[in-house]
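*Asks:* Dropping the structure in here first, questions after.
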Amino acid sequence: MIIKNQRMLTGNTTDNMENKLMIKLVVGTEAMFFVSLIMAYIYFSFVPGYGYKLSQVHELDIKTTGIFSICLFLSSFTFWRAETNYKKGNTGALKFWLLFTILLGAVFLFGQGREYLGLLNKHISIGSSRFGTSFFTLTGFHGLHVFIGLIVIAIVTLLTFLGDYNQSGSTVIGTVGIYWHFVDIVWVFVFLVVYVLPIVV
Amino acid sequence: MKAEFVIVPEPEEPLPSLSLSNNQGFLQWMASVDHKQIGIMYLWLAVLFIILGGIEVLLIRIQLFTPNNHFLSPEAFNQLFTMHGTTMIFFVLMPAIFGFSTYFVPLMIGANDMAFPRLNAFSFWSTFFGGFLLYFSWLAGGAPDAGWFNYAPLNQYNYSSTPGVDYYCTGLLFGGIGTVAASVNFIVTILKYRVKGMGLKQMPMFVWMVLVNSFLILAAFPSLNAALIMLLFDRQLHAHFFNSSGGGSAILWQHLFWLFGHPEVYILILPIFGIFSEVFPVYSRKPIFGYGIVVGSGIAIALLAFGVWVHHMFATGLGNTVNSFFAASSLLIGVPTGVKIFNWLATMYGGSIRFNVSMMFAIAFLVEFTIGGLTGISFAIVPIDWQLTDTYYVVAHLHYVFIGGSLLGVFSGLFYWFPKISGRMLSERLGKWFFWLFIIGFNLTFLIQHALGAMGMPRRVYTYPDFKGWAILNQLSTIGGFIMGISVLLLVYMIFKARKLGELAPHDPWDANTLEWTTSSPPSLKNFDQVLPVKSTRPYRDYKKPEDADWKHNR
């Protein structure tokens with residue numbers, strides 16, 4: 001007649017899938033945040049008669065940024081390799097691919113810093129014009145997300161070296177992966193809107 | 001089976017592994033990750049801020065008591081109405097709703113806590129410090145003074161040079177992050193922690209509405225957070241998002257704010273609909289009429305909420321095409337809301353109704369919220385909106401939905417759930433005094449303001465000329481406001497008195513239907529050892545009346 005509430009009784013949950021659901025919801029709400037920033041950028045840059053074709057867009061160097069972008073996209077691939085190896089139990093390969101991911105993410109951030117420095121030297125800053133305002137806010141918040149992702153992956157890597165992931169079954173790496181792939185996908189949209197679209201339009 | 005029969009064996013003493021004493025004073029509350037304690041703290045936060053927000057608006061009403069009054073300076077008046085609106089929406093109604101949700105969602109689904117208890121504590125404290133950051137602005141040089149929706153360019157440094165708007169941004173950001181985190185927590189809890197046997201179709205209506213609402217929050221709050229960050233950049237880093245002189249766009253703020261702001265008003269009402277969908281069946285002693293339709297109309301409201309925001313911006317000149325589209329969508333959203341009203345009426349129809357205070361608030365809600373809904377529909381008609389925008393008619397409308405809808409729901413929920421939370425009964429006799437004082441004061445204050453608005457009195461003016469009829473109507477409105485103030489003080493007194501001297505509450509004082517009433521009042525630190533089988537939306541009633549169980553009829 002009466003159900004024993006086993007799952008709660010033991011204080012453990014029988015499946016750990018709530019982590020993944022949680023990060024999917026976080027990613028969803030973060031996506032809405034980026035939609036707001038991207039819409040603001042589009043509004044300032046492409047609305048006819050208002051912000052159509054800003055001259056400063058041409059200060060951006062699509063080739064250099066494109067190369068650094070490829071690093072970021074590659075890091076999604078390397079993290080996927082890390083996940084696969086974790087599931088197979090190859091701890092050595094897991095360590096390698098995690099470190100490789102961190103390296104690629106750091107290279108991307110280095111590229112972004114280099115680009116910012118170049119723009120600042122040309123006196124384009126967040127306060128200089130509405131191009132600067134929307135460009136630095138959008139790419140800056142993406143960079144912040146990359147940076148946070150790197151911190152999290154660094155912690156996961158450290159735990160891997162300490163032996164926490166010698167056995168498969170944890171959802172932590174998969175959960176972090178969802179976030180990391182999301183950060184990459186956001187950059188696809190940002191790159192298209194900020195760098196590619198002004199050339200096409 | 002008799003009601004006094006002990007239905008769920010509850011451990012009277014804490015289990016050995018959970019021998020945490022419930023009595024470690026203030027420190028234990030601060031360190032708590034228990035959803036019941038966090039829920040109670042949310043509710044106290046709402047009580048604290050309703051007093052602060054109430055004092056602010058009573059000062060405003062004193063200023064408006066006579067024409068050409070100089071009780072308050074224009075600057076002080078701007079700060080007071082801004083703080084009143086911001087406080088009541090973000091730090092009274094939100095914490096009150098989140099308090100009930102945090103306390104009762106796990107209990108109603110047969111779980112012992114939220115999915116992420118520490119995230120739950122983070123959500124509360126983030127909201128808490130957000131509220132205090134907002135109020136710290138008084139000490140830091142002046143409160144925000146650009147209204148609760150804080151339009152550009154008034155929110156820019158040139159127009160508001162005190163740090164008030166910066167505190168508005170940071171305070172609401174903290175609150176917003178806490179709200180989003182809590183919503184993630186609710187969704188995971190509801191989807192993953194329901195007791196075995198409780199499918200989505202057996203979920204209590206309140207849980208359903210919290211689930212729908214949480215998705216609404218996840219979609220709506222990011223645009224507020226983004227707008228607040230952009231505004232902070234404008235003010236602190238001299239960015240150009242919203243200042244038109246520097247190339248920015250003032251209208252962008254309105255779009256981002258109302259893309260959040262209109263869903264927000266549904267965020268403040270959907271869980272309230274959930275509370276009423278619990279209260280009406282219990283006090284009518286009938287199941288909810290049209291369970292699926294009540295759920296479906298809730299989902300419809302949540303989806304439509306994102307297609308109506310421009311009806312706040314009809315006066316900005318976006319053109320006929322845009323205005324017509326949003327007029328139509330705004331009229332449309334009245335439909336699912338109206339459907340719900342008829343669901344509740346049909347729930348009462350033929351029921352054996354008990355007129356407890358909770359039920360009286362629910363019935364009053366049907367009347368008051370319908371008035372607010374009808375004035376809302378009048379705003380969907382563009383020419384009427386142009387005539388009445390920024391007048392007291394808007395003030396009357398929004399208070400009829402926020403107070404006549406959300407706040408009455410909070411009161412109804414409070415009288416319904418207080419025995420469970422505190423283990424004591426609230427006095428029904430004083431409760432009826434409170435009910436009548438509040439309802440009379442409320443209608444006296446705001447019914448009149450429809451007329452004031454139609455006569456052309458603009459909102460947010462610190463004083464007004466002695467036009468014919470304006471003084472007497474404002475005076476009646478002020479008197480009504482003070483009656484409401486007195487009634488809220490009576491409520492606070494009742495709560496304090498009941499906590500010490502109130503009659504001890506049985507575990508199921510209202511003969512209710514859902515799982516939270518199977519626990520002791522108040523529930524033990526660990527909610528459940530064992531949970532009743534769930535085969536319908538009213539598992540507890542099924543248990544009390546096995547021969548008449550819902551699941552037998554629905555086969």
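Residues are referred to by chain and number: the chain letter is A, B, ... according to the order shown in the structure tokens, the number counts from 1 in that chain, and ligands are numbered separately from 1 in the order shown.
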Can you list every residue in chain A that DSSP puts in helix (DSSP H, G or I), as a PyMOL selection string?
*Replies:* chain A and resi 6-9+17-46+55-59+62-88+91-121+130-161+172-200
*Asks:* Would you put the residues from that selection into a file with C-alpha atoms, as a short mmCIF file (atom, residue, chain, number, x, y, z; two decimals), in the first residue's frame?
*Replies:*
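Final output, again-v4.cif:
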data_model
loop_
_atom_site.label_atom_id
_atom_site.label_comp_id
_atom_site.auth_asym_id
_atom_site.auth_seq_id
_atom_site.Cartn_x
_atom_site.Cartn_y
_atom_site.Cartn_z
CA GLN A 6 13.94 4.33 -1.73
CA ARG A 7 15.77 6.87 -3.76
CA MET A 8 15.50 9.56 -1.13
CA LEU A 9 15.81 7.11 1.73
CA MET A 17 21.15 12.44 -15.14
CA GLU A 18 19.97 15.52 -13.22
CA ASN A 19 23.44 17.03 -13.79
CA LYS A 20 22.96 16.85 -17.53
CA LEU A 21 19.42 18.20 -17.39
CA MET A 22 20.67 21.04 -15.21
CA ILE A 23 23.45 22.04 -17.61
CA LYS A 24 21.07 21.82 -20.57
CA LEU A 25 18.74 24.27 -18.84
CA VAL A 26 21.66 26.56 -17.99
CA VAL A 27 22.82 26.42 -21.61
CA GLY A 28 19.28 27.24 -22.75
CA THR A 29 19.02 30.31 -20.57
CA GLU A 30 22.56 31.38 -21.54
CA ALA A 31 21.57 31.05 -25.18
CA MET A 32 18.76 33.55 -24.57
CA PHE A 33 21.31 35.88 -23.00
CA PHE A 34 23.48 35.73 -26.11
CA VAL A 35 20.41 36.23 -28.31
CA SER A 36 19.91 39.59 -26.58
CA LEU A 37 23.52 40.60 -27.15
CA ILE A 38 23.51 39.43 -30.77
CA MET A 39 20.23 41.25 -31.46
CA ALA A 40 21.72 44.43 -30.05
CA TYR A 41 24.74 43.99 -32.33
CA ILE A 42 22.56 43.38 -35.38
CA TYR A 43 20.39 46.35 -34.49
CA PHE A 44 23.38 48.65 -34.33
CA SER A 45 25.15 47.28 -37.39
CA PHE A 46 22.64 46.19 -39.97
CA SER A 55 33.06 51.85 -41.32
CA GLN A 56 34.79 50.45 -38.27
CA VAL A 57 33.65 46.92 -39.07
CA HIS A 58 36.40 46.93 -41.68
CA GLU A 59 39.02 47.32 -38.99
CA ILE A 62 38.67 38.13 -40.53
CA LYS A 63 41.65 35.96 -41.58
CA THR A 64 43.56 36.10 -38.30
CA THR A 65 40.41 35.75 -36.22
CA GLY A 66 39.32 32.92 -38.50
CA ILE A 67 42.49 30.97 -37.71
CA PHE A 68 42.01 31.45 -33.97
CA SER A 69 38.35 30.48 -34.38
CA ILE A 70 39.41 27.18 -35.93
CA CYS A 71 41.37 26.52 -32.72
CA LEU A 72 38.19 26.96 -30.71
CA PHE A 73 36.17 24.72 -33.02
CA LEU A 74 38.95 22.11 -32.84
CA SER A 75 38.75 22.23 -29.05
CA SER A 76 35.19 20.96 -29.28
CA PHE A 77 36.51 18.01 -31.26
CA THR A 78 39.28 17.35 -28.75
CA PHE A 79 36.84 17.47 -25.85
CA TRP A 80 34.63 15.01 -27.67
CA ARG A 81 37.67 12.73 -27.97
CA ALA A 82 38.21 13.15 -24.22
CA GLU A 83 34.61 12.13 -23.51
CA THR A 84 34.83 9.07 -25.75
CA ASN A 85 38.07 7.93 -24.15
CA TYR A 86 36.62 8.45 -20.68
CA LYS A 87 33.70 6.19 -21.54
CA LYS A 88 36.15 3.55 -22.80
CA THR A 91 42.57 7.48 -18.63
CA GLY A 92 45.83 8.26 -20.43
CA ALA A 93 44.11 9.40 -23.59
CA LEU A 94 41.57 11.31 -21.47
CA LYS A 95 44.38 13.30 -19.87
CA PHE A 96 45.96 14.04 -23.25
CA TRP A 97 42.75 15.26 -24.90
CA LEU A 98 41.79 17.38 -21.89
CA LEU A 99 45.17 19.12 -21.91
CA PHE A 100 44.92 19.59 -25.67
CA THR A 101 41.47 21.20 -25.19
CA ILE A 102 42.83 23.62 -22.62
CA LEU A 103 45.68 24.53 -24.95
CA LEU A 104 43.34 25.24 -27.87
CA GLY A 105 40.98 27.30 -25.70
CA ALA A 106 43.91 29.31 -24.35
CA VAL A 107 45.18 29.95 -27.88
CA PHE A 108 41.75 31.29 -28.82
CA LEU A 109 41.73 33.63 -25.82
CA PHE A 110 45.26 34.76 -26.72
CA GLY A 111 44.00 35.58 -30.21
CA GLN A 112 41.11 37.55 -28.79
CA GLY A 113 43.46 39.50 -26.52
CA ARG A 114 45.70 40.25 -29.48
CA GLU A 115 42.73 41.48 -31.50
CA TYR A 116 41.50 43.68 -28.64
CA LEU A 117 44.94 45.21 -28.24
CA GLY A 118 45.09 46.02 -31.92
CA LEU A 119 41.68 47.69 -31.85
CA LEU A 120 42.51 49.67 -28.73
CA ASN A 121 45.67 50.93 -30.43
CA ARG A 130 28.37 52.08 -30.92
CA PHE A 131 30.34 49.59 -33.00
CA GLY A 132 32.90 49.40 -30.20
CA THR A 133 30.15 49.16 -27.60
CA SER A 134 28.33 46.26 -29.20
CA PHE A 135 31.48 44.50 -30.49
CA PHE A 136 33.35 44.45 -27.19
CA THR A 137 30.26 43.51 -25.18
CA LEU A 138 29.32 40.60 -27.44
CA THR A 139 32.78 39.15 -28.00
CA GLY A 140 33.82 39.99 -24.44
CA PHE A 141 30.96 38.00 -22.92
CA HIS A 142 31.79 35.11 -25.20
CA GLY A 143 35.41 35.33 -24.13
CA LEU A 144 34.29 35.33 -20.50
CA HIS A 145 32.37 32.11 -21.14
CA VAL A 146 35.44 30.55 -22.77
CA PHE A 147 37.51 31.61 -19.78
CA ILE A 148 35.03 30.10 -17.29
CA GLY A 149 34.97 26.93 -19.38
CA LEU A 150 38.76 26.74 -19.25
CA ILE A 151 38.73 27.06 -15.45
CA VAL A 152 36.19 24.26 -15.19
CA ILE A 153 38.09 22.02 -17.61
CA ALA A 154 41.31 22.77 -15.73
CA ILE A 155 39.65 21.59 -12.50
CA VAL A 156 38.38 18.45 -14.26
CA THR A 157 41.89 17.82 -15.63
CA LEU A 158 43.40 18.23 -12.19
CA LEU A 159 40.87 15.75 -10.77
CA THR A 160 41.69 13.36 -13.61
CA PHE A 161 45.37 13.47 -12.72
CA VAL A 172 30.80 15.33 -14.77
CA ILE A 173 32.84 15.18 -17.96
CA GLY A 174 29.75 14.82 -20.14
CA THR A 175 28.12 17.72 -18.30
CA VAL A 176 31.12 19.99 -18.78
CA GLY A 177 31.16 18.90 -22.41
CA ILE A 178 27.64 20.18 -23.03
CA TYR A 179 28.71 23.59 -21.77
CA TRP A 180 31.93 23.60 -23.80
CA HIS A 181 30.20 22.64 -27.05
CA PHE A 182 27.64 25.37 -26.37
CA VAL A 183 30.39 27.98 -26.05
CA ASP A 184 31.71 26.88 -29.44
CA ILE A 185 28.30 27.00 -31.08
CA VAL A 186 27.78 30.53 -29.78
CA TRP A 187 31.05 31.51 -31.44
CA VAL A 188 29.78 30.13 -34.77
CA PHE A 189 26.92 32.64 -34.62
CA VAL A 190 29.06 35.48 -33.32
CA PHE A 191 31.66 34.89 -36.01
CA LEU A 192 29.02 34.81 -38.74
CA VAL A 193 27.32 37.99 -37.54
CA VAL A 194 30.38 40.02 -36.65
CA TYR A 195 32.96 38.95 -39.24
CA VAL A 196 31.25 37.25 -42.19
CA LEU A 197 27.98 39.12 -42.56
CA PRO A 198 29.52 42.60 -43.15
CA ILE A 199 31.46 41.14 -46.11
CA VAL A 200 28.38 39.46 -47.55
#
*Asks:* Just need the residues of chain B within 9 Å of chain A, counting only C-alpha atoms, so spit them out as number ranges by chain.
*Replies:* B: 8, 110-113, 115, 180-181, 184-185, 187-189, 191-193, 195-196, 215, 217-227, 230, 233-234, 237-241, 246-249, 252, 256, 528-533
*Asks:* For B:Ile363, which of B:Pro522, B:Gly409, B:Gly175, B:Gly376 is the closest residue, counting only C-alpha atoms?
*Replies:* B:Gly409
*Asks:* May I ask for the distance between atom CA of B:Gly350 and atom CA of B:Ile109, given in Å to one decimal place?
*Replies:* 29.0 Å
*Asks:* If we count only C-alpha atoms, what is near B:Val295 at a cut-off of 9 Å, once residues fewer than 5 positions away on the same chain are taken out, given as a ChimeraX atom specification?
*Replies:* /B:205,208-209,212,290,300
*Asks:* Emit the selected residues as a CSV table (one decimal), in the first residue's frame, including C-alpha atoms.
*Replies:*
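Final output, out-v5.csv:
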chain,number,residue,atom,x,y,z
B,205,MET,CA,-1.6,21.9,-10.4
B,208,TRP,CA,2.6,22.1,-13.0
B,209,MET,CA,2.4,25.8,-12.9
B,212,VAL,CA,5.8,26.0,-16.7
B,290,GLY,CA,-10.8,20.3,-16.6
B,300,ALA,CA,-0.5,28.6,-23.8
*Asks:* Of the candidates B:Val492, B:Leu447, B:Met313, B:Ile486, which one gets nearest to B:Leu473 if we count only C-alpha atoms?
*Replies:*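 Under the stated criterion, the closest residue is B:Leu447.
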